[in-house]
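K.L.:
Just so it is clear, I am handing over data_4.txt, which has compact mmCIF, C-alpha atoms.
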# COMPACT_ATOMS: atom_id res chain seq x y z
CA MET A 11 0.00 0.00 0.00
CA THR A 12 1.29 3.46 -0.83
CA GLY A 13 0.18 5.24 2.32
CA ASP A 14 -3.42 5.97 3.00
CA VAL A 15 -4.86 8.82 1.02
CA GLN A 16 -3.36 10.39 -2.10
CA THR A 17 -4.60 13.70 -3.46
CA TYR A 18 -4.56 14.69 -7.13
CA ARG A 19 -5.51 17.83 -8.99
CA VAL A 20 -6.77 17.60 -12.58
CA ALA A 21 -8.09 20.73 -14.31
CA ASP A 22 -8.10 22.48 -10.92
CA PHE A 23 -10.46 19.90 -9.38
CA CYS A 24 -9.03 17.80 -6.57
CA PHE A 25 -9.88 14.18 -5.85
CA GLU A 26 -8.66 11.56 -3.37
CA VAL A 27 -7.78 7.91 -3.68
CA GLU A 28 -7.37 5.78 -0.59
CA GLY A 29 -5.56 2.48 -0.10
CA MET A 30 -4.10 2.07 -3.58
CA PRO A 31 -1.88 -1.02 -3.87
CA PHE A 32 0.41 0.98 -6.21
CA GLU A 33 0.44 4.44 -7.75
CA PRO A 34 -0.12 4.53 -11.52
CA ALA A 35 2.60 6.57 -13.25
CA ASN A 36 0.12 8.64 -15.24
CA LEU A 37 -1.16 10.18 -11.99
CA LEU A 38 2.22 11.39 -10.74
CA PRO A 39 2.27 14.78 -12.55
CA PHE A 40 -1.10 15.54 -10.94
CA LYS A 41 -0.19 14.64 -7.40
CA THR A 42 -0.67 17.40 -4.88
CA GLU A 43 -0.28 17.89 -1.14
CA PRO A 44 -3.25 17.05 1.05
CA ASN A 45 -5.40 20.19 1.16
CA ASP A 46 -8.71 21.57 2.36
CA ALA A 47 -10.13 22.14 -1.10
CA GLU A 48 -13.41 20.39 -1.71
CA LYS A 49 -12.83 17.03 -3.40
CA ILE A 50 -14.94 16.13 -6.40
CA PHE A 51 -14.70 12.46 -5.39
CA HIS A 52 -13.14 10.03 -2.95
CA LEU A 53 -12.29 6.52 -4.13
CA LYS A 54 -11.31 3.82 -1.67
CA VAL A 55 -9.71 0.54 -2.68
CA VAL A 56 -11.19 -2.28 -0.60
CA SER A 57 -10.45 -6.01 -0.49
CA GLU A 58 -14.10 -6.95 -0.79
CA LEU A 59 -17.26 -5.05 -1.67
CA PRO A 60 -20.38 -5.60 0.42
CA GLU A 61 -23.00 -7.75 -1.30
CA THR A 62 -25.86 -5.76 -2.79
CA ASP A 63 -28.86 -6.39 -4.96
CA SER A 64 -28.34 -4.76 -8.31
CA THR A 65 -30.24 -4.40 -11.56
CA LEU A 66 -28.61 -3.98 -14.96
CA LEU A 67 -29.02 -0.41 -16.19
CA TYR A 68 -26.60 0.05 -19.04
CA ARG A 69 -23.76 -1.68 -20.82
CA THR A 70 -21.47 0.12 -23.26
CA PRO A 71 -21.98 -1.03 -26.87
CA GLU A 72 -20.01 -4.22 -27.39
CA ASP A 73 -17.05 -3.86 -29.71
CA PRO A 74 -14.31 -6.52 -29.69
CA ARG A 75 -11.67 -3.74 -29.79
CA PHE A 76 -12.87 -1.69 -26.82
CA HIS A 77 -13.29 -2.01 -23.10
CA VAL A 78 -16.72 -2.57 -21.58
CA ILE A 79 -18.31 -0.72 -18.69
CA THR A 80 -21.49 -2.13 -17.18
CA LEU A 81 -23.66 -0.04 -14.92
CA TYR A 82 -26.15 -1.50 -12.44
CA THR A 83 -28.50 0.35 -10.14
CA GLN A 84 -28.37 -0.68 -6.51
CA ASN A 85 -29.64 0.63 -3.21
CA ASN A 86 -28.36 4.19 -3.00
CA GLY A 87 -26.40 4.44 -6.19
CA TYR A 88 -24.69 2.26 -8.72
CA LEU A 89 -22.47 -0.74 -9.19
CA VAL A 90 -19.98 -0.43 -12.04
CA GLU A 91 -17.97 -3.24 -13.62
CA PHE A 92 -14.89 -2.78 -15.77
CA GLN A 93 -13.61 -5.18 -18.45
CA SER A 94 -10.62 -4.38 -20.64
CA LEU A 95 -12.23 -6.26 -23.56
CA PRO A 96 -15.64 -7.92 -23.98
CA SER A 97 -13.90 -11.31 -23.95
CA ASN A 98 -11.94 -10.63 -20.73
CA PRO A 99 -13.20 -11.22 -17.19
CA VAL A 100 -14.18 -8.31 -14.94
CA SER A 101 -11.07 -6.64 -13.52
CA GLY A 102 -12.74 -4.24 -11.10
CA ARG A 103 -16.10 -3.67 -9.42
CA MET A 104 -17.02 -0.31 -7.95
CA LEU A 105 -19.86 0.78 -5.70
CA VAL A 106 -20.67 4.46 -5.96
CA ASP A 107 -23.31 6.76 -4.52
CA ALA A 108 -25.86 8.48 -6.76
CA SER A 109 -23.72 11.64 -7.04
CA PHE A 110 -20.61 9.66 -8.10
CA ARG A 111 -18.63 11.27 -5.29
CA GLN A 112 -18.11 8.46 -2.78
CA ALA A 113 -16.86 5.18 -4.21
CA GLN A 114 -15.27 1.90 -3.20
CA ILE A 115 -13.54 -0.41 -5.64
CA GLU A 116 -12.62 -4.07 -5.43
CA LEU A 117 -9.80 -5.01 -7.80
CA SER A 118 -9.36 -8.46 -9.31
CA SER A 119 -5.98 -10.13 -9.50
CA HIS A 120 -5.47 -9.03 -13.10
CA GLU A 121 -5.47 -5.65 -14.90
CA LYS A 122 -5.63 -3.62 -11.73
CA VAL A 123 -4.17 -0.56 -13.43
CA PHE A 124 -6.82 -0.65 -16.12
CA ALA A 125 -9.67 -0.94 -13.60
CA LEU A 126 -8.33 1.75 -11.27
CA ASP A 127 -7.61 4.16 -14.11
CA ASN A 128 -11.04 3.73 -15.66
CA ALA A 129 -12.76 4.04 -12.29
CA MET A 130 -11.08 7.40 -11.71
CA LYS A 131 -11.85 8.57 -15.23
CA LEU A 132 -15.51 7.64 -14.82
CA LEU A 133 -15.82 9.25 -11.38
CA TYR A 134 -14.12 12.37 -12.71
CA THR A 135 -16.50 12.62 -15.67
CA PHE A 136 -19.61 12.31 -13.52
CA SER A 137 -18.60 14.24 -10.44
CA SER A 138 -17.53 17.24 -12.54
CA ALA A 139 -20.58 17.17 -14.84
CA HIS A 140 -22.30 19.98 -12.90
CA LEU A 141 -19.12 22.01 -12.68
CA GLY A 142 -18.77 22.85 -16.36
CA ALA A 143 -16.22 20.15 -17.19
CA LEU A 144 -16.14 17.72 -20.09
CA GLN A 145 -13.71 14.98 -21.01
CA ILE A 146 -13.41 15.25 -24.76
CA HIS A 147 -12.00 12.43 -26.86
CA SER A 148 -9.43 14.46 -28.76
CA SER A 149 -5.80 15.16 -29.45
CA VAL A 150 -4.69 18.61 -28.27
CA VAL A 151 -1.74 20.79 -29.16
CA ILE A 152 -0.65 24.10 -27.69
CA GLN A 153 0.57 26.73 -30.11
CA ASP A 154 1.47 30.29 -29.13
CA GLY A 155 -0.28 29.89 -25.78
CA LYS A 156 -3.56 28.58 -27.14
CA GLY A 157 -4.97 25.07 -27.21
CA TYR A 158 -6.26 23.50 -30.42
CA LEU A 159 -8.42 20.39 -30.16
CA PHE A 160 -8.64 17.79 -32.92
CA LEU A 161 -11.75 15.63 -32.72
CA GLY A 162 -13.07 12.81 -34.85
CA LYS A 163 -14.05 9.17 -34.79
CA SER A 164 -11.49 6.58 -33.70
CA GLY A 165 -8.99 5.95 -36.46
CA THR A 166 -9.61 9.27 -38.25
CA GLY A 167 -6.11 10.54 -37.64
CA LYS A 168 -6.42 12.93 -34.67
CA SER A 169 -3.02 11.94 -33.27
CA THR A 170 -1.50 11.95 -36.73
CA HIS A 171 -2.73 15.50 -37.29
CA SER A 172 -1.21 16.63 -33.98
CA GLN A 173 2.08 14.99 -35.00
CA LEU A 174 2.00 16.95 -38.28
CA TRP A 175 1.63 20.20 -36.32
CA LEU A 176 4.54 19.19 -34.07
CA LYS A 177 6.69 18.46 -37.09
CA HIS A 178 5.85 21.38 -39.36
CA ILE A 179 4.70 24.22 -37.11
CA PRO A 180 7.47 25.56 -34.89
CA GLY A 181 6.62 26.09 -31.23
CA THR A 182 3.87 23.47 -31.13
CA GLU A 183 3.63 21.14 -28.15
CA LEU A 184 1.36 18.16 -27.41
CA LEU A 185 -0.91 18.61 -24.38
CA ASN A 186 -2.88 15.36 -24.46
CA ASP A 187 -3.64 12.63 -26.98
CA ASP A 188 -6.88 11.04 -25.79
CA PHE A 189 -9.04 12.51 -23.01
CA PRO A 190 -8.11 16.04 -21.92
CA VAL A 191 -10.52 17.99 -19.72
CA LEU A 192 -12.29 21.03 -21.12
CA ARG A 193 -13.83 23.58 -18.80
CA LEU A 194 -16.39 26.29 -19.25
CA LEU A 195 -15.34 28.76 -16.56
CA PRO A 196 -17.64 31.14 -14.67
CA ASP A 197 -16.48 34.05 -16.86
CA LYS A 198 -17.63 31.98 -19.91
CA SER A 199 -14.10 31.43 -21.15
CA ILE A 200 -13.13 27.96 -22.31
CA ARG A 201 -9.90 26.28 -21.20
CA ILE A 202 -8.33 22.96 -22.02
CA TYR A 203 -6.34 21.01 -19.43
CA GLY A 204 -3.98 18.04 -19.63
CA SER A 205 -5.12 14.92 -17.79
CA PRO A 206 -3.84 11.52 -16.66
CA TRP A 207 -5.85 9.97 -19.50
CA SER A 208 -3.91 10.15 -22.73
CA GLY A 209 -4.55 6.82 -24.48
CA LYS A 210 -1.56 5.10 -26.05
CA THR A 211 0.59 8.24 -25.94
CA PRO A 212 2.24 8.76 -22.55
CA CYS A 213 1.58 12.51 -22.39
CA TYR A 214 0.37 13.35 -18.88
CA LYS A 215 0.77 17.09 -18.44
CA SER A 216 -0.57 19.23 -15.66
CA GLN A 217 -0.82 22.25 -17.96
CA ASP A 218 -3.64 24.23 -19.50
CA ALA A 219 -4.42 26.87 -22.09
CA PRO A 220 -7.36 28.91 -23.39
CA VAL A 221 -8.98 27.16 -26.33
CA GLY A 222 -8.11 28.74 -29.69
CA ALA A 223 -10.31 26.52 -31.82
CA ILE A 224 -11.85 23.07 -32.10
CA VAL A 225 -11.41 21.15 -35.34
CA HIS A 226 -13.42 18.08 -36.28
CA LEU A 227 -11.41 15.86 -38.62
CA SER A 228 -12.50 13.42 -41.27
CA GLN A 229 -10.45 11.63 -43.90
CA ALA A 230 -10.68 12.77 -47.52
CA PRO A 231 -8.59 12.59 -50.69
CA TYR A 232 -8.07 16.38 -50.44
CA ASN A 233 -7.63 19.10 -47.80
CA LYS A 234 -10.51 21.46 -47.08
CA ILE A 235 -11.47 23.43 -43.98
CA GLU A 236 -14.65 25.34 -43.14
CA ARG A 237 -16.41 26.86 -40.14
CA VAL A 238 -19.39 24.87 -38.93
CA SER A 239 -22.76 25.92 -37.54
CA VAL A 240 -23.54 25.75 -33.83
CA ILE A 241 -25.71 22.68 -34.32
CA ARG A 242 -22.98 20.79 -36.17
CA ALA A 243 -20.49 21.82 -33.53
CA TYR A 244 -22.85 20.45 -30.89
CA GLY A 245 -23.17 17.18 -32.80
CA SER A 246 -19.41 16.90 -33.00
CA LEU A 247 -19.08 17.39 -29.23
CA LEU A 248 -21.89 14.96 -28.57
CA GLU A 249 -20.08 12.12 -30.29
CA SER A 250 -16.72 13.06 -28.74
CA CYS A 251 -17.56 13.34 -25.06
CA ALA A 252 -17.11 10.56 -22.58
CA ALA A 253 -20.55 10.34 -21.06
CA PHE A 254 -23.32 8.02 -20.10
CA ARG A 255 -26.23 10.18 -21.11
CA PRO A 256 -28.99 7.93 -19.75
CA LEU A 257 -28.53 9.55 -16.33
CA LYS A 258 -30.44 12.73 -17.06
CA SER A 259 -29.21 15.06 -14.33
CA PHE A 260 -25.61 14.50 -15.44
CA ALA A 261 -26.57 14.88 -19.09
CA ASP A 262 -28.10 18.28 -18.21
CA GLY A 263 -24.71 19.44 -16.89
CA TRP A 264 -22.82 18.26 -19.95
CA HIS A 265 -25.44 19.86 -22.20
CA ARG A 266 -24.91 23.28 -20.59
CA THR A 267 -21.16 22.99 -21.03
CA MET A 268 -21.42 21.84 -24.63
CA GLU A 269 -23.82 24.67 -25.45
CA GLY A 270 -21.36 27.15 -23.93
CA VAL A 271 -18.50 25.70 -25.92
CA CYS A 272 -20.15 25.57 -29.31
CA THR A 273 -21.53 29.10 -29.05
CA THR A 274 -18.24 30.75 -28.10
CA THR A 275 -15.43 28.68 -29.61
CA PRO A 276 -14.41 28.91 -33.27
CA TYR A 277 -15.38 25.48 -34.57
CA TYR A 278 -14.17 24.00 -37.86
CA ARG A 279 -14.52 20.89 -39.94
CA LEU A 280 -11.34 19.70 -41.65
CA GLU A 281 -11.49 17.11 -44.40
CA CYS A 282 -7.91 16.08 -44.84
CA LEU A 283 -5.06 13.93 -45.96
CA PRO A 284 -2.37 12.97 -43.45
CA ASN A 285 0.16 15.45 -44.87
CA GLU A 286 2.01 18.71 -44.23
CA GLU A 287 -0.38 20.72 -46.39
CA ALA A 288 -3.29 19.69 -44.15
CA ALA A 289 -1.48 20.87 -41.03
CA LEU A 290 -0.50 24.19 -42.62
CA LEU A 291 -4.00 24.83 -43.99
CA CYS A 292 -5.48 24.08 -40.58
CA TYR A 293 -2.94 26.18 -38.70
CA GLN A 294 -3.29 29.17 -41.02
CA THR A 295 -7.07 29.06 -40.87
CA VAL A 296 -7.60 28.55 -37.15
CA THR A 297 -4.89 31.01 -36.07
CA ASN A 298 -5.71 33.44 -38.86
CA ASN A 299 -1.98 33.56 -39.50
CA SER A 300 -0.66 33.20 -43.04
CA GLN A 301 2.96 32.96 -41.93
CA ILE A 302 4.73 30.07 -40.22
CA MET B 7 -47.88 5.58 -32.21
CA LYS B 8 -45.45 6.74 -29.57
CA ILE B 9 -42.19 8.65 -29.27
CA LYS B 10 -39.41 6.14 -28.57
CA ASP B 11 -37.85 6.16 -25.14
CA GLY B 12 -34.45 7.74 -24.90
CA PHE B 13 -34.91 10.93 -26.88
CA THR B 14 -34.52 14.18 -25.00
CA LEU B 15 -35.76 17.57 -26.09
CA ARG B 16 -33.19 20.28 -25.42
CA THR B 17 -32.69 23.94 -26.19
CA LEU B 18 -29.52 24.91 -28.01
CA CYS B 19 -29.07 28.65 -28.43
CA GLY B 20 -32.82 29.17 -28.51
CA GLU B 21 -33.42 26.37 -31.03
CA HIS B 22 -35.20 23.18 -30.06
CA ILE B 23 -33.36 19.95 -30.76
CA VAL B 24 -33.95 16.30 -30.03
CA ILE B 25 -31.03 14.05 -29.18
CA GLY B 26 -30.64 10.43 -28.17
CA GLU B 27 -29.83 10.10 -24.49
CA GLY B 28 -31.48 6.81 -23.70
CA LEU B 29 -30.50 3.31 -22.76
CA ASP B 30 -31.34 1.90 -26.17
CA GLN B 31 -28.92 1.62 -29.01
CA ILE B 32 -29.71 4.95 -30.57
CA ASN B 33 -27.55 6.75 -33.05
CA TYR B 34 -26.05 9.36 -30.73
CA ASP B 35 -24.61 11.40 -33.56
CA LYS B 36 -28.06 12.34 -34.72
CA ILE B 37 -29.54 15.69 -33.79
CA ILE B 38 -32.95 16.68 -35.03
CA SER B 39 -34.13 20.28 -35.07
CA LEU B 40 -37.78 20.97 -34.29
CA ASN B 41 -39.68 24.11 -35.21
CA GLY B 42 -42.06 25.82 -32.81
CA SER B 43 -45.20 23.80 -33.51
CA ALA B 44 -43.32 20.49 -33.70
CA THR B 45 -41.76 21.29 -30.31
CA TYR B 46 -45.20 22.00 -28.90
CA LEU B 47 -46.55 18.69 -30.20
CA TRP B 48 -43.51 16.81 -28.92
CA GLU B 49 -43.97 18.21 -25.42
CA GLN B 50 -47.67 17.34 -25.43
CA VAL B 51 -47.37 13.72 -26.55
CA GLN B 52 -44.03 12.64 -25.11
CA GLY B 53 -44.41 9.48 -23.04
CA GLN B 54 -47.88 8.57 -24.31
CA GLU B 55 -49.67 6.91 -27.20
CA PHE B 56 -51.11 9.27 -29.80
CA THR B 57 -52.77 9.31 -33.21
CA ILE B 58 -52.59 11.66 -36.18
CA GLU B 59 -56.00 12.98 -35.13
CA ASP B 60 -54.68 13.81 -31.64
CA LEU B 61 -51.91 15.90 -33.17
CA VAL B 62 -54.33 17.70 -35.50
CA THR B 63 -56.57 18.56 -32.55
CA LEU B 64 -53.62 19.82 -30.54
CA LEU B 65 -52.57 22.05 -33.46
CA THR B 66 -56.00 23.46 -34.23
CA ASP B 67 -56.66 24.15 -30.53
CA ARG B 68 -53.44 26.05 -30.13
CA TYR B 69 -52.84 27.73 -33.47
CA GLU B 70 -55.06 29.60 -35.90
CA VAL B 71 -54.98 26.95 -38.57
CA SER B 72 -57.60 25.08 -40.57
CA GLU B 73 -58.08 21.39 -39.95
CA ASP B 74 -57.06 20.52 -43.52
CA ARG B 75 -53.86 22.50 -43.27
CA ALA B 76 -53.08 21.05 -39.84
CA LEU B 77 -53.65 17.51 -41.13
CA GLU B 78 -51.28 18.17 -44.03
CA ASP B 79 -48.59 19.49 -41.70
CA VAL B 80 -49.02 16.69 -39.19
CA LYS B 81 -48.78 13.99 -41.86
CA LEU B 82 -45.58 15.53 -43.18
CA MET B 83 -44.11 15.81 -39.69
CA VAL B 84 -45.03 12.25 -38.74
CA THR B 85 -43.43 10.93 -41.92
CA THR B 86 -40.24 12.81 -41.06
CA TRP B 87 -40.27 11.54 -37.48
CA GLN B 88 -40.75 7.99 -38.78
CA GLU B 89 -37.87 8.36 -41.22
CA GLN B 90 -35.67 9.68 -38.44
CA GLY B 91 -36.61 6.79 -36.17
CA LEU B 92 -38.11 8.99 -33.47
CA ILE B 93 -41.44 7.19 -33.21
CA GLU B 94 -42.64 3.61 -33.11
Please lay out the structure from this file as structure tokens.
P.N.:
Amino acid sequence: MTGDVQTYRVADFCFEVEGMPFEPANLLPFKTEPNDAEKIFHLKVVSELPETDSTLLYRTPEDPRFHVITLYTQNNGYLVEFQSLPSNPVSGRMLVDASFRQAQIELSSHEKVFALDNAMKLLYTFSSAHLGALQIHSSVVIQDGKGYLFLGKSGTGKSTHSQLWLKHIPGTELLNDDFPVLRLLPDKSIRIYGSPWSGKTPCYKSQDAPVGAIVHLSQAPYNKIERVSVIRAYGSLLESCAAFRPLKSFADGWHRTMEGVCTTTPYYRLECLPNEEAALLCYQTVTNNSQI
Amino acid sequence: MKIKDGFTLRTLCGEHIVIGEGLDQINYDKIISLNGSATYLWEQVQGQEFTIEDLVTLLTDRYEVSEDRALEDVKLMVTTWQEQGLIE
């Protein structure tokens, strides 16, 4: 055990994890001293969960390539099960209250890191839903102090597009490659924050930047970029946000954030090839800068 | 007929939209815009069985519109809702 309670700060929200058998490396940049700030959630690792009656509520769509999360309703909240693939056994079971703020997890003997990481990610998503935060499936670069988000379906080339910026646009840096946290702040400004959840790319940065633009990518045999309407921007966010929308009160929170984002942030659609010209066209358009 | 479970009516910048937020396997990418009268009808019949005639009555009670015109509009709207998979 690595001591009792560890505190982490992601996108300026603190959370606590108690009784971890090890500390995942992706959390280290976010570690902070114990503090009095309100915690968005507290997760405790236990050796055995109490028995409860539960009813199946929701299971993520089954895809042989992706992990599965199954949600059950029980007494005063939910039971959540994590599987790294549909064909693998359950590697963690978590009991959580209805607000997703107090949770206990029981880890199996295998894939503990996977279960713990996904439990935190899920708790983070839900417990910050009312606070103007969204986890957006995207690759994010920082250029000249502003964050640029690249969204799109899996396999579209989000990471590839970020890599093209890194290679061809001086001064570009990668902030996150999978699930950064976006926040709509009380003054209505939009900021993007690095997170411990960065997919296959180990890029765990406790940094943030105001959002310059959001770009939704799709593959094409040419390069073309255009601004999109608010409703298309909303649709793009809807398919890119980590969220279980069946729980309405949480969906209401995400909706308010998404509405704030798509009405204030320059939002583009980029149909592109994986080449230098695509990166330059995108950069010049979204920064309104014709020079490199 | 009935509006399928899992669709939520929301307001986006003053416009009314319907999006899938349910437990069923709904295409989450899909967003459907509703105009003022369609929004009114949606709110009235959500969660219950209804007929074309019910919708026509709702329209003629609320708006200054002839029954023939209302029937025409309702038929068109219902066809669209069916095509978009909103009703069953």
K.L.:
Excluding Asn41 in chain B and any residue of its chain fewer than 3 positions from it, enumerate the residues within 7 Å of it, using all atoms listed in the file, and give them as a ChimeraX atom specification.
P.N.:
/B:22,44-45
K.L.:
Taking all atoms listed in the file into account, which of B:Val62, B:Ile23, B:Ile9, B:Phe56 comes nearest chain A?
P.N.:
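Using all atoms listed in the file, the shortest distance to chain A belongs to B:Ile23.
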K.L.:
How many Å lie between CA of Pro34 in chain A and CA of Phe124 in chain A, rounded to one decimal?
P.N.:
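Interatomic distance, CA of Pro34 in chain A to CA of Phe124 in chain A: 9.6 Å.
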K.L.:
Neighbouring residues of Gly162 in chain A were defined as those with any atom within 9 Å, considering all atoms listed in the file; residues of the same chain fewer than 3 positions away were excluded. Please report them as a list in words.
P.N.:
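Skipping anything fewer than 3 positions along the chain leaves His147, Ser148, Gly165, Thr166, Gly167, Lys168, Val225, His226, Leu227, Ser228, Ser246, Glu249 and Ser250 of chain A.
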K.L.:
Would you output that residue set with C-alpha atoms, as a compact mmCIF listing (two decimals), in the coordinates of the input?
P.N.:
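Saved to selection26.txt:
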# COMPACT_ATOMS: atom_id res chain seq x y z
CA HIS A 147 -12.00 12.43 -26.86
CA SER A 148 -9.43 14.46 -28.76
CA GLY A 165 -8.99 5.95 -36.46
CA THR A 166 -9.61 9.27 -38.25
CA GLY A 167 -6.11 10.54 -37.64
CA LYS A 168 -6.42 12.93 -34.67
CA VAL A 225 -11.41 21.15 -35.34
CA HIS A 226 -13.42 18.08 -36.28
CA LEU A 227 -11.41 15.86 -38.62
CA SER A 228 -12.50 13.42 -41.27
CA SER A 246 -19.41 16.90 -33.00
CA GLU A 249 -20.08 12.12 -30.29
CA SER A 250 -16.72 13.06 -28.74
K.L.:
Kindly determine which residues of chain A lie within 9 Å of chain B, considering all atoms listed in the file, and give the answer as a list of chain:residue names.
P.N.:
A:Leu67, A:Tyr68, A:Arg69, A:Pro71, A:Val240, A:Ile241, A:Arg242, A:Tyr244, A:Gly245, A:Ser246, A:Leu248, A:Glu249, A:Phe254, A:Arg255, A:Pro256, A:Leu257, A:Lys258, A:Ala261, A:His265, A:Arg266, A:Glu269, A:Thr273
K.L.:
Please provide the set of residues having any atom within 6 Å of Gly204 in chain A, restricted to all atoms listed in the file, with same-chain residues fewer than 4 positions apart removed, written as number ranges by chain.
P.N.:
A: 185-186, 190, 215-217
K.L.:
Write out as number ranges by chain the residues lying within 6 Å of range 130-138 of chain A, counting only C-alpha atoms and excluding same-chain residues fewer than 6 positions away.
P.N.:
A: 50, 110-111
K.L.:
Residues of range 99-170 of chain A that approach range 193-200 of chain A to 12 Å or less, counting only C-alpha atoms: could you list each one with the shortest pair of atoms and its distance in Å to one decimal, rows by chain and increasing residue number, as JSON lines?
P.N.:
{"residue": "A:Thr135", "atom": "CA", "partner": "A:Arg193", "partner_atom": "CA", "distance": 11.7}
{"residue": "A:Ser138", "atom": "CA", "partner": "A:Arg193", "partner_atom": "CA", "distance": 9.6}
{"residue": "A:Ala139", "atom": "CA", "partner": "A:Arg193", "partner_atom": "CA", "distance": 10.1}
{"residue": "A:His140", "atom": "CA", "partner": "A:Leu194", "partner_atom": "CA", "distance": 10.7}
{"residue": "A:Leu141", "atom": "CA", "partner": "A:Arg193", "partner_atom": "CA", "distance": 8.2}
{"residue": "A:Gly142", "atom": "CA", "partner": "A:Leu194", "partner_atom": "CA", "distance": 5.1}
{"residue": "A:Ala143", "atom": "CA", "partner": "A:Arg193", "partner_atom": "CA", "distance": 4.5}
{"residue": "A:Leu144", "atom": "CA", "partner": "A:Arg193", "partner_atom": "CA", "distance": 6.4}
{"residue": "A:Gln145", "atom": "CA", "partner": "A:Arg193", "partner_atom": "CA", "distance": 8.9}
{"residue": "A:Ile146", "atom": "CA", "partner": "A:Arg193", "partner_atom": "CA", "distance": 10.3}
{"residue": "A:Lys156", "atom": "CA", "partner": "A:Ile200", "partner_atom": "CA", "distance": 10.7}
{"residue": "A:Gly157", "atom": "CA", "partner": "A:Ile200", "partner_atom": "CA", "distance": 9.9}
{"residue": "A:Tyr158", "atom": "CA", "partner": "A:Ile200", "partner_atom": "CA", "distance": 11.5}
{"residue": "A:Leu159", "atom": "CA", "partner": "A:Ile200", "partner_atom": "CA", "distance": 11.9}
K.L.:
So which one's closest to Gln16 in chain A, A:Ala47, A:Leu53, A:Ala288, A:Leu89? Using all atoms listed in the file, please.
P.N.:
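The answer is A:Leu53, which sits nearest to Gln16 in chain A.
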